[in-house]
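Dumped model_10.txt below, it's compact mmCIF, C-alpha atoms:
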# COMPACT_ATOMS: atom_id res chain seq x y z
CA MET H 1 -8.47 13.98 13.31
CA THR H 2 -6.82 10.94 14.82
CA ILE H 3 -5.31 8.37 12.47
CA GLY H 4 -4.34 4.81 13.39
CA ILE H 5 -1.67 2.99 11.37
CA ILE H 6 -1.30 -0.76 11.87
CA GLY H 7 2.13 -1.85 10.72
CA CYS H 8 4.77 0.88 10.80
CA GLY H 9 7.35 -0.48 8.37
CA TRP H 10 8.92 1.45 5.49
CA LEU H 11 5.63 2.65 4.02
CA GLY H 12 3.70 2.92 7.28
CA LEU H 13 6.33 5.23 8.72
CA LYS H 14 6.29 7.42 5.59
CA ILE H 15 2.50 7.73 5.85
CA ALA H 16 2.68 8.45 9.58
CA LYS H 17 5.22 11.25 9.18
CA HIS H 18 3.23 12.78 6.33
CA LEU H 19 -0.13 12.75 8.14
CA LYS H 20 1.41 13.88 11.43
CA GLN H 21 1.59 17.41 10.01
CA GLU H 22 -2.20 17.74 10.35
CA HIS H 23 -3.38 14.82 12.50
CA ASP H 24 -2.72 12.93 15.73
CA ILE H 25 -1.17 9.56 14.92
CA PHE H 26 -1.24 6.20 16.72
CA VAL H 27 0.81 3.34 15.26
CA THR H 28 1.64 -0.30 15.97
CA THR H 29 5.00 -2.03 15.70
CA THR H 30 6.37 -5.53 16.32
CA SER H 31 9.75 -4.26 17.53
CA LYS H 32 10.52 -3.07 21.06
CA THR H 33 13.54 -1.15 19.77
CA LYS H 34 11.46 0.55 17.11
CA GLU H 35 8.75 1.29 19.67
CA ASN H 36 11.11 3.65 21.48
CA HIS H 37 12.06 5.40 18.22
CA LEU H 38 8.42 5.85 17.25
CA GLN H 39 7.67 7.26 20.68
CA ASP H 40 10.45 9.81 20.18
CA LEU H 41 8.82 10.81 16.89
CA GLY H 42 5.54 11.46 18.68
CA LEU H 43 3.68 8.62 16.93
CA ASN H 44 2.18 6.99 20.05
CA PRO H 45 3.21 3.36 19.35
CA THR H 46 1.63 0.13 20.61
CA LEU H 47 3.71 -3.08 20.59
CA ILE H 48 1.78 -5.95 18.97
CA ASN H 49 2.61 -9.02 16.88
CA PHE H 50 -0.05 -10.64 14.70
CA LEU H 51 1.23 -14.21 14.88
CA ASP H 52 1.03 -16.34 11.73
CA SER H 53 0.94 -19.64 13.59
CA ASP H 54 -1.96 -19.23 16.00
CA ILE H 55 -5.20 -17.33 16.30
CA ILE H 56 -5.15 -15.44 19.60
CA GLU H 57 -8.62 -16.20 20.87
CA ASN H 58 -8.47 -13.91 23.89
CA HIS H 59 -6.66 -11.07 22.19
CA ASN H 60 -7.51 -7.65 23.60
CA TYR H 61 -8.65 -5.06 21.10
CA TRP H 62 -6.60 -1.91 20.57
CA GLU H 63 -7.20 0.32 23.57
CA ARG H 64 -6.69 3.40 21.38
CA LEU H 65 -9.42 2.31 18.97
CA HIS H 66 -12.16 4.54 20.36
CA GLU H 67 -9.99 7.60 19.67
CA ILE H 68 -9.33 6.78 16.01
CA ASP H 69 -11.23 8.34 13.10
CA SER H 70 -9.45 6.59 10.20
CA LEU H 71 -7.48 3.35 10.23
CA ILE H 72 -4.69 2.47 7.78
CA ILE H 73 -3.49 -1.14 7.56
CA THR H 74 0.00 -1.66 6.13
CA VAL H 75 0.63 -5.16 7.51
CA PRO H 76 2.62 -6.99 4.80
CA PHE H 77 1.29 -9.87 2.72
CA SER H 78 2.23 -11.18 -0.69
CA LYS H 79 1.18 -13.61 -3.38
CA ARG H 80 3.76 -16.11 -2.07
CA THR H 81 2.35 -16.23 1.48
CA SER H 82 0.19 -19.26 2.24
CA ILE H 83 -3.50 -18.69 2.84
CA THR H 84 -3.26 -20.53 6.17
CA LEU H 85 -0.70 -18.06 7.49
CA LEU H 86 -2.66 -15.11 6.11
CA LYS H 87 -5.85 -16.34 7.75
CA ASN H 88 -4.14 -16.44 11.15
CA ARG H 89 -2.45 -13.08 10.67
CA PHE H 90 -5.56 -11.20 9.61
CA SER H 91 -7.85 -13.00 12.04
CA ASN H 92 -5.63 -11.71 14.83
CA LEU H 93 -5.62 -8.26 13.26
CA SER H 94 -9.41 -8.20 13.06
CA LEU H 95 -9.63 -9.20 16.73
CA PHE H 96 -7.28 -6.32 17.52
CA ILE H 97 -9.48 -3.74 15.76
CA ASP H 98 -12.74 -5.37 16.83
CA ASN H 99 -15.81 -4.07 14.98
CA PHE H 100 -14.26 -0.80 13.87
CA ASP H 101 -16.95 0.94 11.82
CA LYS H 102 -15.21 4.10 10.63
CA GLN H 103 -12.95 4.67 7.62
CA VAL H 104 -10.45 1.87 6.90
CA PHE H 105 -7.65 1.53 4.34
CA LEU H 106 -5.92 -1.72 3.36
CA MET H 107 -2.60 -1.50 1.50
CA SER H 108 -2.79 -4.31 -1.03
CA SER H 109 -0.71 -4.95 -4.16
CA ILE H 110 -0.94 -5.13 -7.95
CA GLY H 111 0.62 -8.56 -7.43
CA ILE H 112 -3.01 -9.66 -7.38
CA TYR H 113 -3.02 -9.38 -11.20
CA PRO H 114 -1.50 -11.96 -13.57
CA GLN H 115 1.58 -11.12 -15.62
CA THR H 116 -0.18 -10.46 -18.91
CA ASP H 117 1.01 -8.02 -21.58
CA ILE H 118 -2.06 -5.80 -21.50
CA GLU H 119 -3.37 -2.67 -19.84
CA ILE H 120 -5.02 -3.62 -16.55
CA THR H 121 -7.78 -1.82 -14.66
CA GLU H 122 -9.54 -2.80 -11.46
CA THR H 123 -12.16 -4.71 -13.49
CA THR H 124 -10.05 -6.36 -16.21
CA PHE H 125 -10.08 -9.80 -14.56
CA THR H 126 -12.64 -11.94 -12.79
CA GLU H 127 -11.75 -13.29 -9.36
CA LYS H 128 -10.74 -16.69 -10.75
CA ASP H 129 -7.81 -15.01 -12.54
CA LEU H 130 -6.52 -13.13 -9.48
CA ASN H 131 -3.77 -14.31 -7.15
CA PRO H 132 -5.51 -16.43 -4.48
CA SER H 133 -3.41 -15.28 -1.51
CA ILE H 134 -3.88 -11.55 -2.09
CA LEU H 135 -7.51 -12.05 -3.06
CA PHE H 136 -8.09 -13.97 0.18
CA VAL H 137 -6.88 -11.03 2.29
CA GLU H 138 -8.94 -8.49 0.36
CA ARG H 139 -12.12 -10.58 0.63
CA PHE H 140 -11.47 -11.49 4.27
CA MET H 141 -11.12 -7.85 5.26
CA ARG H 142 -14.02 -6.58 3.13
CA GLU H 143 -16.37 -9.18 4.61
CA ARG H 144 -15.57 -7.88 8.09
CA TYR H 145 -15.25 -4.21 7.19
CA PRO H 146 -17.49 -3.47 4.18
CA GLN H 147 -16.49 0.20 4.29
CA ILE H 148 -12.83 -0.64 3.62
CA ASN H 149 -10.81 1.11 0.90
CA ILE H 150 -8.41 -1.25 -0.84
CA LEU H 151 -5.38 0.37 -2.47
CA ARG H 152 -3.52 -1.94 -4.85
CA LEU H 153 -0.04 -0.45 -4.82
CA GLY H 154 2.61 -0.68 -7.51
CA GLY H 155 6.27 -1.16 -6.69
CA LEU H 156 7.16 1.19 -3.84
CA MET H 157 9.82 3.76 -4.67
CA GLY H 158 11.20 7.07 -3.40
CA ALA H 159 13.68 8.21 -0.73
CA ASN H 160 16.30 5.45 -0.34
CA ARG H 161 14.50 3.20 -2.82
CA VAL H 162 16.10 4.15 -6.16
CA PHE H 163 15.47 1.61 -8.90
CA SER H 164 18.91 2.00 -10.52
CA ASN H 165 20.50 0.74 -7.29
CA TYR H 166 18.83 -2.66 -7.67
CA LYS H 167 19.98 -5.70 -9.61
CA VAL H 168 17.21 -6.43 -12.12
CA SER H 169 16.50 -8.77 -15.01
CA ASN H 170 14.25 -8.49 -18.07
CA LEU H 171 15.38 -4.94 -18.86
CA ASN H 172 12.83 -4.59 -21.69
CA GLN H 173 9.94 -5.08 -19.24
CA VAL H 174 7.89 -2.00 -18.36
CA VAL H 175 7.61 -0.91 -14.73
CA ASN H 176 4.53 -0.38 -12.57
CA HIS H 177 5.96 1.79 -9.83
CA VAL H 178 4.55 4.39 -7.46
CA HIS H 179 6.28 7.04 -5.39
CA TYR H 180 5.46 6.92 -1.69
CA VAL H 181 4.59 10.65 -1.73
CA ASP H 182 1.67 9.94 -4.07
CA ILE H 183 0.42 7.16 -1.77
CA CYS H 184 0.50 9.59 1.16
CA ASN H 185 -1.27 12.31 -0.83
CA ILE H 186 -3.97 9.93 -2.09
CA ILE H 187 -4.72 8.63 1.41
CA GLU H 188 -4.80 12.19 2.72
CA LYS H 189 -7.29 13.21 0.02
CA MET H 190 -9.50 10.17 0.63
CA ILE H 191 -9.56 10.94 4.35
CA ALA H 192 -10.58 14.54 3.65
CA LEU H 193 -13.33 13.42 1.26
CA LYS H 194 -14.49 10.65 3.65
CA ILE H 195 -14.24 8.06 0.86
CA SER H 196 -15.28 4.49 1.66
CA ASN H 197 -15.75 1.12 -0.04
CA LYS H 198 -13.43 1.79 -2.98
CA THR H 199 -10.79 -0.32 -4.71
CA TYR H 200 -8.10 1.61 -6.57
CA ASN H 201 -4.92 0.79 -8.44
CA VAL H 202 -2.24 3.16 -7.17
CA VAL H 203 0.43 3.20 -9.88
CA ALA H 204 2.24 6.08 -11.60
CA PRO H 205 0.60 6.83 -14.98
CA LEU H 206 3.78 6.32 -17.06
CA HIS H 207 5.33 2.91 -17.68
CA PRO H 208 8.88 3.20 -19.01
CA THR H 209 11.03 0.09 -19.33
CA LYS H 210 13.39 -0.97 -16.58
CA SER H 211 16.26 -0.15 -18.93
CA ALA H 212 14.98 3.40 -19.49
CA VAL H 213 14.56 4.03 -15.76
CA ILE H 214 18.04 2.76 -14.94
CA SER H 215 19.72 4.64 -17.79
CA TYR H 216 18.02 7.92 -16.92
CA GLN H 217 18.79 7.62 -13.22
CA LYS H 218 22.45 6.93 -14.04
CA GLY H 219 22.71 10.09 -16.10
CA ASP H 220 21.77 9.08 -19.67
CA LYS H 221 19.06 11.73 -20.14
CA ALA H 222 18.91 11.11 -23.89
CA HIS H 223 17.95 7.44 -23.53
CA GLU H 224 15.17 6.41 -25.90
CA GLU H 225 12.55 3.74 -25.30
CA ILE H 226 13.03 0.46 -27.13
CA ASP H 227 10.42 -1.02 -29.47
CA ASP H 228 10.36 -4.54 -28.03
CA SER H 229 9.14 -3.63 -24.56
CA PHE H 230 6.75 -6.00 -22.84
CA GLY H 231 4.80 -6.42 -19.63
CA ARG H 232 1.52 -5.45 -18.00
CA ARG H 233 0.60 -1.80 -17.61
CA VAL H 234 -1.55 -1.33 -14.52
CA GLN H 235 -3.75 1.74 -14.94
CA SER H 236 -4.79 4.21 -12.23
CA ASP H 237 -7.31 6.13 -14.37
CA LYS H 238 -10.21 5.32 -12.04
CA LEU H 239 -8.46 6.91 -9.08
CA GLN H 240 -7.40 9.95 -11.08
CA THR H 241 -10.93 10.51 -12.37
CA GLU H 242 -12.96 9.85 -9.23
CA LEU H 243 -10.64 11.71 -6.87
CA GLU H 244 -9.57 14.34 -9.42
CA TYR H 245 -6.06 13.42 -8.42
CA ARG H 246 -2.93 14.45 -10.30
CA PHE H 247 0.19 12.45 -9.53
CA THR H 248 3.06 14.41 -8.02
CA TYR H 249 5.50 11.88 -9.51
CA PRO H 250 3.95 10.50 -12.73
CA ASN H 251 7.20 9.23 -14.26
CA PRO H 252 9.23 6.50 -12.51
CA MET H 253 12.33 7.62 -14.41
CA THR H 254 12.50 10.76 -12.27
CA PHE H 255 11.54 9.36 -8.85
CA HIS H 256 15.12 9.87 -7.63
CA LEU H 257 14.84 13.63 -8.26
CA GLU H 258 12.41 14.26 -5.37

The structure in this file should be written as structure tokens.
Amino acid sequence: MTIGIIGCGWLGLKIAKHLKQEHDIFVTTTSKTKENHLQDLGLNPTLINFLDSDIIENHNYWERLHEIDSLIITVPFSKRTSITLLKNRFSNLSLFIDNFDKQVFLMSSIGIYPQTDIEITETTFTEKDLNPSILFVERFMRERYPQINILRLGGLMGANRVFSNYKVSNLNQVVNHVHYVDICNIIEKMIALKISNKTYNVVAPLHPTKSAVISYQKGDKAHEEIDDSFGRRVQSDKLQTELEYRFTYPNPMTFHLE
């Protein structure tokens, strides 16, 4: 198969390298310097910038589009980005991929959910309780591509992203992290199963506190969880059940041991 990846940043590149083992890959990048590196990796890059300030009315669609069987969108957006900027960015993106009618993935975020000390599934909240910026992007893309799979990712970890290397606050707060290997494996399985029109939380099943993760990664293997932990626990049960998926890295404490 041929896979297209729009946005080849930290995660996009991890996905591209993983899928390249079995598939032909085409990617986009905003950097001329990075374009050359991606070409050397055999990832067939296209240089494109989805401007936030203007909608490109006469934008040409991706010339590679007719070759692509599955499309993965990793263009960044967050709950702090204004809806005006997001509208321009994703309008330009939709012009670029035209009326693509095959499998599509959108990398979204659990930032769509409020910070509430409860277990959270995909259906816990009504739309009025969700972050408006992230919700806008999800709705905008689903209206144009009803077959789209939306993956709401936890905090991205693995490789050079080791949680104990970061300065953090609220050490008693539980984490909602996911290892990039699991994201790659889940996408790969969904491609193989030809899954469409699904929304999944993609978060490791275990939710230790920040303190526990940091202590363990710094060598305190005997660290015990504290009783006064707090924070939301975003659940990925739906994904695990429907895809019969078992996480390769279920415990964020051990992500650095890959």

* Name the residues in contact with Met1 of chain H at a cut-off of 8 Å, using only C-alpha atoms, excluding same-chain residues fewer than 6 positions from it; report them as a list in words. => Glu22, His23, Asp24, Ile68 and Asp69 of chain H

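When all atoms listed in the file are used to compute distances to Lys17 of chain H, the closest of the residues H:Leu71, H:Asp228, H:Ser196, H:Glu188 turns out to be H:Glu188.
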
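Among the candidates H:Ile72, H:Gln217, H:Asn170, H:Ser164, the one nearest to Ile150 of chain H when counting all atoms listed in the file is H:Ile72.
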
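Nearest-residue note for Asn172 of chain H: choosing from H:Lys189, H:Arg144, H:Lys198, H:Arg232, the minimum distance belongs to H:Arg232, counting only C-alpha atoms.
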
* What is the atom CA of Met141 of chain H-atom CA of Pro45 of chain H distance in Å, reported with one decimal? ->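 Those two atoms sit 23.0 Å apart.
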
* Using only C-alpha atoms, collect all residues at a distance of at most 12 Å from (-13.6, -1.4, 8.8) as written in the file, then present them as a PyMOL selection string. => chain H and resi 65+68-73+93-106+138+140-150+196-197

* Asked: What does the distance from atom CA of Met190 of chain H to atom CA of Gly42 of chain H come to in Å, to one decimal?
  ->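 Distance between the two atoms: 23.5 Å.
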